[in-house]
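Q: Sharing data01.txt (compact mmCIF, C-alpha atoms) below.
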# COMPACT_ATOMS: atom_id res chain seq x y z
CA MET A 1 86.65 94.17 130.41
CA THR A 2 89.41 91.84 131.56
CA HIS A 3 92.57 93.96 131.90
CA ASN A 4 96.19 93.00 132.28
CA LYS A 5 96.54 92.65 136.05
CA SER A 6 99.50 93.15 138.33
CA LYS A 7 100.86 90.03 139.97
CA ASN A 8 99.20 90.85 143.29
CA GLU A 9 95.80 91.35 141.64
CA ALA A 10 95.73 88.05 139.76
CA TYR A 11 93.22 86.51 142.16
CA GLN A 12 90.83 89.46 142.54
CA VAL A 13 87.45 90.04 140.89
CA ILE A 14 87.58 92.32 137.88
CA PRO A 15 86.09 95.74 138.76
CA LEU A 16 83.49 97.51 136.64
CA ARG A 17 84.76 100.16 134.25
CA ASN A 18 84.16 103.87 134.49
CA THR A 19 85.12 104.60 130.87
CA ARG A 20 84.24 102.87 127.61
CA GLU A 21 87.00 101.02 125.82
CA ARG A 22 87.49 101.34 122.07
CA ALA A 23 87.92 97.87 120.60
CA PHE A 24 88.52 95.90 117.44
CA LEU A 25 86.98 92.43 117.11
CA ILE A 26 89.22 89.77 115.57
CA GLY A 27 88.33 86.34 114.24
CA LEU A 28 90.10 83.45 112.53
CA TYR A 29 88.37 80.67 110.62
CA GLU A 30 90.05 77.66 109.11
CA SER A 31 89.79 76.90 105.38
CA ASN A 32 87.33 74.03 105.91
CA PHE A 33 84.92 76.26 107.88
CA LYS A 34 81.96 78.01 106.27
CA LYS A 35 82.68 81.75 106.21
CA ALA A 36 78.97 82.71 106.47
CA GLU A 37 78.58 80.74 109.71
CA TYR A 38 81.72 82.26 111.18
CA MET A 39 80.55 85.78 110.31
CA GLU A 40 77.36 85.10 112.30
CA SER A 41 79.61 84.14 115.20
CA MET A 42 81.46 87.45 114.75
CA GLU A 43 78.14 89.31 114.83
CA GLU A 44 77.37 87.61 118.13
CA LEU A 45 80.78 88.74 119.40
CA ARG A 46 79.81 92.30 118.47
CA HIS A 47 76.61 91.97 120.55
CA LEU A 48 78.69 90.59 123.42
CA SER A 49 81.09 93.53 123.23
CA GLN A 50 78.19 95.99 123.23
CA THR A 51 76.76 94.27 126.30
CA ALA A 52 80.21 94.67 127.91
CA GLU A 53 79.86 98.44 127.20
CA VAL A 54 82.72 98.45 124.72
CA GLU A 55 82.81 100.97 121.86
CA TYR A 56 82.93 98.88 118.68
CA MET A 57 85.43 100.35 116.21
CA GLY A 58 85.51 97.62 113.58
CA SER A 59 86.29 93.96 112.99
CA PHE A 60 88.89 91.86 111.18
CA THR A 61 88.67 88.24 110.05
CA GLN A 62 91.27 86.02 108.47
CA GLU A 63 91.16 82.62 106.77
CA LEU A 64 94.09 80.32 107.51
CA GLU A 65 94.63 76.58 107.22
CA THR A 66 95.89 76.52 110.81
CA ALA A 67 96.21 79.20 113.47
CA ASN A 68 99.58 80.84 114.07
CA PRO A 69 100.93 79.24 117.29
CA ALA A 70 102.61 82.49 118.34
CA THR A 71 99.99 85.15 117.55
CA TRP A 72 96.86 83.15 116.52
CA ILE A 73 96.38 85.30 113.40
CA GLY A 74 99.09 85.87 110.79
CA LYS A 75 101.85 88.43 111.45
CA GLY A 76 100.83 90.47 108.38
CA LYS A 77 97.18 90.71 109.53
CA LEU A 78 98.30 91.60 113.05
CA ASN A 79 100.49 94.45 111.73
CA GLU A 80 97.52 95.74 109.69
CA ILE A 81 95.34 95.70 112.83
CA ILE A 82 98.01 97.49 114.92
CA LYS A 83 98.34 100.23 112.31
CA GLU A 84 94.58 100.90 112.27
CA ALA A 85 94.41 100.64 116.06
CA LYS A 86 96.87 103.53 116.35
CA GLU A 87 94.90 105.61 113.85
CA LYS A 88 91.56 105.03 115.61
CA GLU A 89 92.99 105.10 119.15
CA VAL A 90 91.82 101.55 119.81
CA THR A 91 93.02 100.21 123.17
CA THR A 92 91.53 96.69 123.23
CA LEU A 93 91.65 93.71 120.87
CA ILE A 94 88.85 91.16 121.42
CA PHE A 95 89.38 87.73 119.87
CA ASN A 96 86.49 85.48 118.92
CA ASP A 97 88.46 82.44 120.10
CA ASN A 98 90.31 81.42 123.23
CA LEU A 99 94.02 82.26 123.23
CA THR A 100 96.89 80.51 124.96
CA PRO A 101 98.82 82.48 127.61
CA ALA A 102 101.79 82.71 125.22
CA GLN A 103 99.61 84.07 122.40
CA THR A 104 98.05 86.66 124.70
CA ARG A 105 101.48 87.74 125.91
CA ASN A 106 102.93 87.96 122.38
CA ILE A 107 100.01 89.93 120.93
CA THR A 108 100.01 92.31 123.92
CA LYS A 109 103.75 92.92 123.57
CA ILE A 110 103.51 93.61 119.83
CA SER A 111 100.30 95.66 119.82
CA LYS A 112 100.60 97.47 123.18
CA CYS A 113 96.84 96.83 123.50
CA ASN A 114 94.74 95.05 126.10
CA VAL A 115 94.08 91.56 124.67
CA VAL A 116 90.87 89.71 125.56
CA ASP A 117 89.61 86.34 124.34
CA ARG A 118 86.00 85.15 124.04
CA THR A 119 85.81 83.44 127.44
CA GLU A 120 87.27 86.48 129.23
CA LEU A 121 84.70 88.71 127.52
CA ILE A 122 81.79 86.52 128.64
CA LEU A 123 83.20 86.29 132.16
CA ASP A 124 83.45 90.08 132.26
CA ILE A 125 79.79 90.45 131.23
CA PHE A 126 78.79 87.98 133.93
CA ALA A 127 80.81 89.99 136.48
CA GLN A 128 78.92 93.15 135.52
CA HIS A 129 75.47 91.54 135.63
CA ALA A 130 75.75 89.41 138.78
CA GLN A 131 73.39 90.80 141.41
CA THR A 132 73.02 88.24 144.21
CA LYS A 133 75.74 87.04 146.55
CA GLU A 134 75.54 83.56 145.01
CA SER A 135 75.96 84.68 141.40
CA LYS A 136 78.80 87.03 142.33
CA ILE A 137 80.67 84.16 143.96
CA GLN A 138 79.91 81.88 141.00
CA VAL A 139 81.35 84.43 138.57
CA GLU A 140 84.45 84.99 140.69
CA VAL A 141 85.06 81.23 140.89
CA ALA A 142 84.81 80.95 137.09
CA GLN A 143 87.15 83.91 136.61
CA LEU A 144 89.71 82.53 139.03
CA GLU A 145 89.61 79.04 137.54
CA TYR A 146 90.16 80.51 134.08
CA SER A 147 93.05 82.63 135.39
CA PHE A 148 94.47 79.55 137.10
CA SER A 149 94.32 77.51 133.88
CA LYS A 150 96.22 80.28 132.08
CA LEU A 151 98.85 80.49 134.82
CA LYS A 152 99.12 76.71 134.88
CA ASN A 153 99.68 76.55 131.13
CA LEU A 154 102.17 79.39 131.34
CA TRP A 155 104.05 77.63 134.14
CA GLU A 156 104.14 74.35 132.21
CA HIS A 157 105.49 76.28 129.21
CA PHE A 158 108.27 77.79 131.34
CA SER A 159 109.09 74.51 133.08
CA ARG A 160 109.88 72.86 129.74
CA ILE A 161 112.69 75.36 129.15
CA ASP A 162 115.96 74.04 130.59
CA GLY A 163 117.49 76.42 133.11
CA GLY A 164 114.55 78.83 132.93
CA MET A 165 114.47 81.90 130.72
CA ILE A 166 114.91 85.65 130.90
CA GLY A 167 112.14 87.18 132.95
CA VAL A 168 111.05 83.96 134.67
CA ARG A 169 114.19 82.63 136.35
CA GLY A 170 114.44 83.07 140.11
CA PRO A 171 111.80 85.59 141.34
CA GLY A 172 109.70 84.99 138.20
CA GLU A 173 109.31 81.31 139.00
CA LYS A 174 108.54 82.06 142.65
CA GLN A 175 105.92 84.66 141.69
CA LEU A 176 104.12 82.20 139.39
CA GLU A 177 103.99 79.61 142.18
CA LYS A 178 102.77 82.27 144.61
CA ASP A 179 100.00 83.43 142.23
CA ARG A 180 98.84 79.84 141.74
CA ARG A 181 98.68 79.24 145.51
CA LEU A 182 96.76 82.49 146.05
CA ILE A 183 94.22 81.56 143.38
CA LYS A 184 93.76 78.00 144.67
CA THR A 185 93.24 79.28 148.25
CA ARG A 186 90.71 81.87 147.12
CA ILE A 187 88.80 79.32 144.99
CA SER A 188 88.63 76.92 147.94
CA LYS A 189 87.20 79.62 150.25
CA LEU A 190 84.63 80.72 147.68
CA LYS A 191 83.46 77.16 147.01
CA LYS A 192 82.87 76.65 150.74
CA LYS A 193 80.73 79.82 150.78
CA LEU A 194 78.82 78.52 147.76
CA GLU A 195 78.13 75.20 149.51
CA GLU A 196 76.64 77.08 152.49
CA ILE A 197 74.39 79.16 150.21
CA GLN A 198 73.36 76.08 148.23
CA LYS A 199 72.32 74.20 151.39
CA ILE A 200 69.89 77.02 152.19
CA THR A 201 68.67 77.02 148.57
CA GLN A 202 68.07 73.25 148.63
CA THR A 203 66.06 73.58 151.86
CA LYS A 204 63.86 76.21 150.17
CA ARG A 205 63.39 73.92 147.16
CA LYS A 206 62.21 71.04 149.37
CA ARG A 207 59.47 73.26 150.79
CA ARG A 208 57.99 73.68 147.33
CA ASP A 209 58.39 70.09 146.07
CA ASP A 210 54.64 69.59 145.99
CA VAL A 211 54.01 72.55 143.63
CA LEU A 212 54.22 72.28 139.84
CA SER A 213 57.35 74.10 138.64
CA ILE A 214 57.96 75.56 135.18
CA CYS A 215 61.40 76.78 134.06
CA LEU A 216 62.10 79.20 131.21
CA VAL A 217 65.22 78.29 129.24
CA GLY A 218 66.59 79.59 125.97
CA TYR A 219 69.37 81.30 124.10
CA THR A 220 70.36 84.61 125.64
CA ASN A 221 68.23 87.54 124.42
CA ALA A 222 65.35 85.27 123.32
CA GLY A 223 62.94 87.26 125.49
CA LYS A 224 62.72 84.94 128.50
CA SER A 225 62.60 87.73 131.08
CA THR A 226 59.88 89.56 129.13
CA LEU A 227 57.84 86.35 129.00
CA PHE A 228 58.50 85.73 132.70
CA ASN A 229 57.15 89.21 133.50
CA LYS A 230 54.07 88.53 131.39
CA LEU A 231 53.36 85.15 133.01
CA THR A 232 53.93 86.35 136.58
CA ASN A 233 52.93 90.02 136.36
CA SER A 234 56.42 90.93 137.61
CA GLN A 235 58.90 93.68 136.87
CA LEU A 236 62.05 91.60 136.37
CA TYR A 237 64.76 93.53 134.50
CA ALA A 238 64.57 92.81 130.77
CA ALA A 239 66.81 94.42 128.17
CA ASP A 240 67.74 93.93 124.53
CA GLN A 241 71.21 92.68 125.39
CA LEU A 242 72.96 89.38 126.03
CA PHE A 243 72.92 87.98 129.58
CA ALA A 244 70.63 90.70 130.95
CA THR A 245 69.58 88.17 133.62
CA LEU A 246 72.00 85.92 135.51
CA ASP A 247 70.18 84.96 138.68
CA ALA A 248 67.37 82.43 138.70
CA THR A 249 64.17 84.19 139.81
CA THR A 250 61.06 82.28 140.91
CA ARG A 251 57.50 83.55 141.32
CA ALA A 252 54.34 81.73 142.42
CA VAL A 253 51.21 82.25 140.32
CA LYS A 254 47.75 80.68 140.14
CA ASN A 255 45.95 79.59 136.99
CA LYS A 256 42.22 79.89 136.23
CA ASN A 257 41.55 76.72 138.23
CA ASN A 258 43.25 78.28 141.26
CA GLU A 259 46.16 75.83 141.01
CA GLN A 260 49.50 77.17 142.19
CA ILE A 261 52.44 77.08 139.77
CA LEU A 262 56.06 78.13 140.31
CA ILE A 263 57.66 79.84 137.32
CA THR A 264 61.44 80.37 137.17
CA ASP A 265 63.49 82.51 134.81
CA THR A 266 67.05 81.24 134.32
CA ILE A 267 70.35 82.34 132.82
CA GLY A 268 70.47 82.52 129.01
CA PHE A 269 72.57 80.05 127.04
CA ILE A 270 75.01 80.85 124.25
CA ASN A 271 77.15 79.08 121.65
CA ASN A 272 80.36 77.73 123.15
CA LEU A 273 79.31 78.71 126.66
CA PRO A 274 82.54 78.28 128.66
CA PRO A 275 82.47 74.97 130.58
CA LEU A 276 83.73 76.85 133.64
CA LEU A 277 80.52 78.88 133.65
CA ILE A 278 78.32 75.79 133.36
CA GLN A 279 80.18 74.29 136.32
CA SER A 280 80.06 77.49 138.40
CA PHE A 281 76.38 78.12 137.68
CA TYR A 282 75.36 74.51 138.24
CA SER A 283 73.29 75.43 141.30
CA THR A 284 71.39 77.99 139.20
CA LEU A 285 70.92 75.47 136.41
CA HIS A 286 69.76 72.97 139.06
CA GLU A 287 66.41 74.79 138.90
CA VAL A 288 66.12 73.42 135.36
CA LEU A 289 66.75 69.85 136.55
CA GLU A 290 64.17 70.15 139.32
CA SER A 291 61.39 71.59 137.15
CA ASP A 292 58.37 69.65 135.87
CA LEU A 293 58.11 71.52 132.55
CA LEU A 294 60.64 73.50 130.51
CA LEU A 295 59.50 76.35 128.27
CA HIS A 296 62.27 76.56 125.65
CA VAL A 297 61.96 80.18 124.47
CA VAL A 298 63.27 80.83 120.93
CA ASP A 299 63.73 84.13 119.10
CA ALA A 300 61.59 83.42 116.03
CA SER A 301 62.95 86.53 114.26
CA SER A 302 66.55 85.31 114.33
CA ALA A 303 68.26 84.26 111.08
CA ARG A 304 70.18 81.65 113.13
CA LEU A 305 67.05 80.03 114.54
CA ASP A 306 68.09 76.39 114.02
CA GLU A 307 71.55 77.06 115.47
CA LEU A 308 70.05 78.73 118.55
CA ILE A 309 67.73 75.78 119.20
CA ASP A 310 70.61 73.32 118.79
CA SER A 311 72.84 75.33 121.16
CA VAL A 312 70.23 75.25 123.94
CA ASP A 313 69.53 71.55 123.33
CA LYS A 314 73.27 70.88 123.69
CA VAL A 315 73.45 72.64 127.09
CA LEU A 316 70.31 70.81 128.27
CA LYS A 317 71.98 67.57 127.27
CA ASP A 318 75.21 68.57 129.05
CA ILE A 319 73.34 69.12 132.32
CA LYS A 320 71.20 65.94 131.83
CA ALA A 321 67.91 67.85 131.35
CA HIS A 322 67.20 66.95 127.71
CA ASP A 323 64.68 64.19 128.56
CA LYS A 324 62.35 66.46 130.58
CA ASN A 325 58.97 67.71 129.34
CA ILE A 326 59.86 70.56 126.96
CA LEU A 327 57.52 72.96 125.17
CA LEU A 328 59.05 75.07 122.38
CA VAL A 329 57.85 78.69 122.60
CA PHE A 330 58.67 80.78 119.52
CA ASN A 331 58.78 84.35 120.81
CA LYS A 332 58.97 87.72 118.97
CA TRP A 333 56.38 86.41 116.48
CA ASP A 334 55.23 90.01 115.92
CA LEU A 335 58.58 90.77 114.23
CA CYS A 336 58.07 88.11 111.54
CA ASN A 337 56.00 90.07 109.02
CA ASP A 338 58.01 90.32 105.80
CA LEU A 339 57.57 87.78 102.97
CA SER A 340 60.54 85.59 103.97
CA SER A 341 59.29 85.59 107.57
CA LEU A 342 55.78 84.60 106.48
CA PHE A 343 57.28 81.63 104.63
CA LEU A 344 59.31 80.81 107.74
CA LYS A 345 56.16 80.93 109.86
CA LYS A 346 54.53 78.32 107.65
CA GLN A 347 57.65 76.12 107.82
CA LEU A 348 57.93 76.36 111.60
CA ARG A 349 54.27 75.44 112.11
CA GLU A 350 54.81 72.34 109.98
CA ILE A 351 58.12 71.32 111.62
CA TYR A 352 57.00 72.08 115.20
CA PRO A 353 53.21 71.48 115.23
CA ASP A 354 53.04 71.15 119.03
CA SER A 355 54.84 74.43 119.69
CA VAL A 356 53.49 77.87 120.57
CA PHE A 357 54.08 81.06 118.55
CA ILE A 358 53.78 84.20 120.66
CA SER A 359 54.96 87.73 121.36
CA ALA A 360 55.60 88.23 125.07
CA LYS A 361 56.00 91.94 124.40
CA THR A 362 52.60 92.50 122.73
CA GLY A 363 50.70 89.59 124.29
CA LEU A 364 50.10 87.94 120.90
CA ASN A 365 48.83 84.33 121.29
CA MET A 366 49.49 84.29 125.04
CA ASP A 367 46.11 82.59 125.51
CA THR A 368 47.44 79.67 123.43
CA LEU A 369 50.44 79.36 125.73
CA TYR A 370 48.19 79.33 128.81
CA GLU A 371 46.11 76.57 127.18
CA LYS A 372 49.24 74.50 126.51
CA ILE A 373 50.39 74.87 130.12
CA ASN A 374 46.93 73.91 131.41
CA TYR A 375 46.87 70.95 129.02
CA TYR A 376 50.14 69.77 130.53
CA LEU A 377 48.68 70.21 134.02
CA LYS A 378 45.65 68.18 132.99
CA LYS A 379 47.88 65.37 131.71
CA ARG A 380 49.47 65.14 135.14
CA LYS A 381 46.18 64.53 136.86
CA LYS A 382 44.28 61.35 137.60
CA THR A 383 40.70 60.81 138.79
CA VAL A 384 40.54 58.48 141.81
CA SER A 385 38.02 57.49 144.52
CA TYR A 386 38.80 57.24 148.23
CA HIS A 387 36.92 56.07 151.34
CA ILE A 388 38.15 58.14 154.28
CA PRO A 389 36.96 57.85 157.92
CA VAL A 390 35.40 61.11 159.10
CA ASP A 391 37.87 61.53 161.97
CA ASN A 392 40.81 61.90 159.51
CA ALA A 393 40.32 65.63 159.02
CA ASN A 394 43.98 66.26 158.03
CA LEU A 395 43.80 63.91 155.03
CA ILE A 396 40.42 65.29 153.94
CA ASN A 397 41.79 68.85 154.14
CA PHE A 398 44.86 67.78 152.14
CA LEU A 399 42.64 66.48 149.33
CA HIS A 400 40.64 69.71 149.23
CA GLN A 401 43.82 71.83 149.13
CA ASN A 402 45.72 69.81 146.53
CA GLY A 403 43.06 68.38 144.24
CA LYS A 404 39.74 69.11 142.60
CA VAL A 405 36.94 67.32 144.46
CA LEU A 406 34.44 66.08 141.88
CA ASP A 407 32.00 64.41 144.26
CA ILE A 408 31.75 63.79 148.00
CA ALA A 409 29.20 61.71 149.89
CA TYR A 410 28.83 60.60 153.50
CA ASP A 411 28.48 56.86 154.23
CA GLU A 412 26.59 56.80 157.53
CA LEU A 413 26.92 53.01 157.95
CA ASN A 414 30.75 53.04 157.86
CA ASN A 415 31.10 56.61 159.20
CA GLU A 416 33.30 57.68 156.30
CA TYR A 417 33.37 59.99 153.32
CA MET A 418 33.39 58.69 149.75
CA ILE A 419 35.39 61.17 147.69
CA ASP A 420 35.92 61.30 143.93
CA ILE A 421 38.82 63.61 143.19
CA GLU A 422 41.04 64.77 140.33
CA ILE A 423 44.57 65.06 141.71
CA ASP A 424 48.19 65.26 140.59
CA TYR A 425 49.62 61.78 140.19
CA LYS A 426 52.63 62.66 142.40
CA TYR A 427 50.32 62.79 145.46
CA ILE A 428 48.70 59.40 144.90
CA ASP A 429 51.41 57.22 146.50
CA GLN A 430 51.52 59.56 149.50
CA ILE A 431 47.72 59.37 149.95
CA GLU A 432 47.62 55.60 149.58
CA ARG A 433 50.37 55.16 152.17
CA GLN A 434 48.38 57.33 154.57
CA LEU A 435 45.25 55.22 153.95
CA GLU A 436 47.23 52.03 154.65
CA ILE A 437 48.32 53.47 158.02
CA ILE A 438 44.70 54.41 158.80
CA THR A 439 43.52 50.88 157.95
CA LEU A 440 46.34 49.30 160.01
CA ASN A 441 45.58 51.48 163.06
CA LYS A 442 41.91 50.67 162.76
CA TYR A 443 42.75 46.92 162.67
CA ILE A 444 45.06 47.21 165.71
CA ASN A 445 42.43 49.08 167.73
CA THR A 446 39.62 46.53 167.08
Can you give me the file's structure in the form of structure tokens?
A:
Amino acid sequence: MTHNKSKNEAYQVIPLRNTRERAFLIGLYESNFKKAEYMESMEELRHLSQTAEVEYMGSFTQELETANPATWIGKGKLNEIIKEAKEKEVTTLIFNDNLTPAQTRNITKISKCNVVDRTELILDIFAQHAQTKESKIQVEVAQLEYSFSKLKNLWEHFSRIDGGMIGVRGPGEKQLEKDRRLIKTRISKLKKKLEEIQKITQTKRKRRDDVLSICLVGYTNAGKSTLFNKLTNSQLYAADQLFATLDATTRAVKNKNNEQILITDTIGFINNLPPLLIQSFYSTLHEVLESDLLLHVVDASSARLDELIDSVDKVLKDIKAHDKNILLVFNKWDLCNDLSSLFLKKQLREIYPDSVFISAKTGLNMDTLYEKINYYLKKRKKTVSYHIPVDNANLINFLHQNGKVLDIAYDELNNEYMIDIEIDYKYIDQIERQLEIITLNKYINT
């Protein structure tokens, strides 16, 4: 959990906790907002807090026309929360919205509790779950940029006060400037490290440009990692919690036709995913942009199904990946067995007739998913005929390795092979350019 840091620790990565924090969850919805929808958002916040290993002690929501500029929620509601916090020995207040630096400071001063907003909670979860060097740096960059924005806003607030104020005049002003410089320097160093890692990653991607790539995307906890394990026969960590997987993981598999496919599991999406995280994890999300087919995995058992689909579609649009080939995969189909779920099943089949309805956990309808993937592969292929001189062994070998040879015959008169082949359309231009070079060389040599 994000804790109140000393001035010298403002630019450091948040360490993992050794003890569980007891926390209240607090939300505020405006009068024109639907309470039912906001309560679903609060339930998601509860799942986030559990993932952050926080002991949930209760939640409070308040309806106001506008948020209180000083304490976000009303003073009366805040006093009620503080009273219960003392009784239940609650040490942390987690807000379902993002707070200004002044609001955080005011609530902390009044409540004597650690105050955390939604973005800080998500950043903390990311810090816990980052495994690779790249993702750890990405998380730290996002944390520092969020800290910097808070310091910047706090500084701008102070600078508007003529002659300074108690607690920030003199050394206070200097310390704020110092903290900002430290953060900016650290961010700059980390981004340079990221660029070095990303250059290596891009080189690796280029090596596999000729192989069909499939990316799994979806709302966090939709079962992507479980499906990834099923498709690739892997043992990737999968848990019933939000953001169990942060790092993009790629495995090569072969289908029944012995065609190689690269399958990648990516970070889960969420409602109001902090823009800083999208920016910091852009290199991870780049796998989505580079893929040939997206499997959009949806938790079919969720009561918020439409909202989850829309949230993922929004992120795909934000990263310019919404126009790619996308196959909707409704997962956890085995959990939809009550009467309302059976009705939902019928509705979903009518609304999304080209989708797949599976259970990655039990293997239900996995054969249908394989058929859909193979159908997509088939759509990418074209049957063509080539006349290739026998001494061009490299090109002939390339055709055998990357396509399905339907017929081959030797033309003794012209000393060439006549080959009918089914091959991915992306190779055709490359092959035809090679044949043009062969023809040109033959013309030059005669």
Q: Which distance in Å separates atom CA of Ile125 of chain A and atom CA of Ala222 of chain A, to one decimal?
A: 17.3 Å
Q: Using only C-alpha atoms, which of A:Glu87, A:His387, A:Ser59, A:Thr362 sits nearest Arg46 of chain A?
A: A:Ser59
Q: Extract, using only C-alpha atoms, all DNA, RNA and protein residues at most 7 Å from Leu227 of chain A, discarding same-chain residues fewer than 4 positions from it, and format them as a list in words.
A: Gly223, Leu231 and Ala360 of chain A
Q: From the set A:Val217, A:Arg251, A:Ile444, A:Lys314, which residue has the shortest atom-to-atom contact distance to Leu295 of chain A, counting all atoms listed in the file?
A: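 Looking at the shortest contact to Leu295 of chain A, the residue is A:Val217.
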Q: Find the spatial neighbours of Lys86 of chain A, counting only C-alpha atoms, within a cut-off of 10 Å - ignore same-chain residues fewer than 4 positions away - and output them as a ChimeraX atom specification.
A: /A:81-82,90-91,111-113
Q: Return the single residue from A:Ser385, A:Asn415, A:Thr92, A:Thr100 that is closest to Val115 of chain A, with distances computed using all atoms listed in the file.
A: A:Thr92
Q: Restricting the calculation to only C-alpha atoms: of A:Ile183, A:Ala300, A:Asn397, A:Phe357, which residue gets closest to Leu369 of chain A?
A: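 Among the listed residues, the smallest separation from Leu369 of chain A belongs to A:Phe357.
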Q: Return the single residue from A:Val298, A:Ile326, A:Leu93, A:Leu64 that is closest to Ala23 of chain A, with distances computed using only C-alpha atoms.
A: A:Leu93
Q: Smallest atom-to-atom distance to Leu377 of chain A: which of A:Lys75, A:Lys426, A:Lys199, A:Arg105, using only C-alpha atoms?
A: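 Selected residue with least distance to Leu377 of chain A: A:Lys426.
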Q: Can you work out the spacing between atom CA of Ile431 of chain A and atom CA of Ile396 of chain A in Å, to one decimal?
A: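 Computing it gives 10.2 Å between the two atoms.
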Q: Please, what distance in Å, to one decimal, runs between atom CA of Ser291 of chain A and atom CA of Leu212 of chain A?
A: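 Straight-line distance from atom CA of Ser291 of chain A to atom CA of Leu212 of chain A works out to 7.7 Å.
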Q: For Asn229 of chain A, please output as a ChimeraX atom specification all residues within 12 Å (counting only C-alpha atoms; exclusion window: fewer than 4 positions along the same chain).
A: /A:216,223-225,233-238,249-253,263-265,360-361,363
Q: Near Trp72 of chain A, within 12 Å and counting only C-alpha atoms, which residues show up once chain neighbours fewer than 3 positions away are dropped, as number ranges by chain?
A: A: 26-30, 61-69, 75-78, 95-107, 117
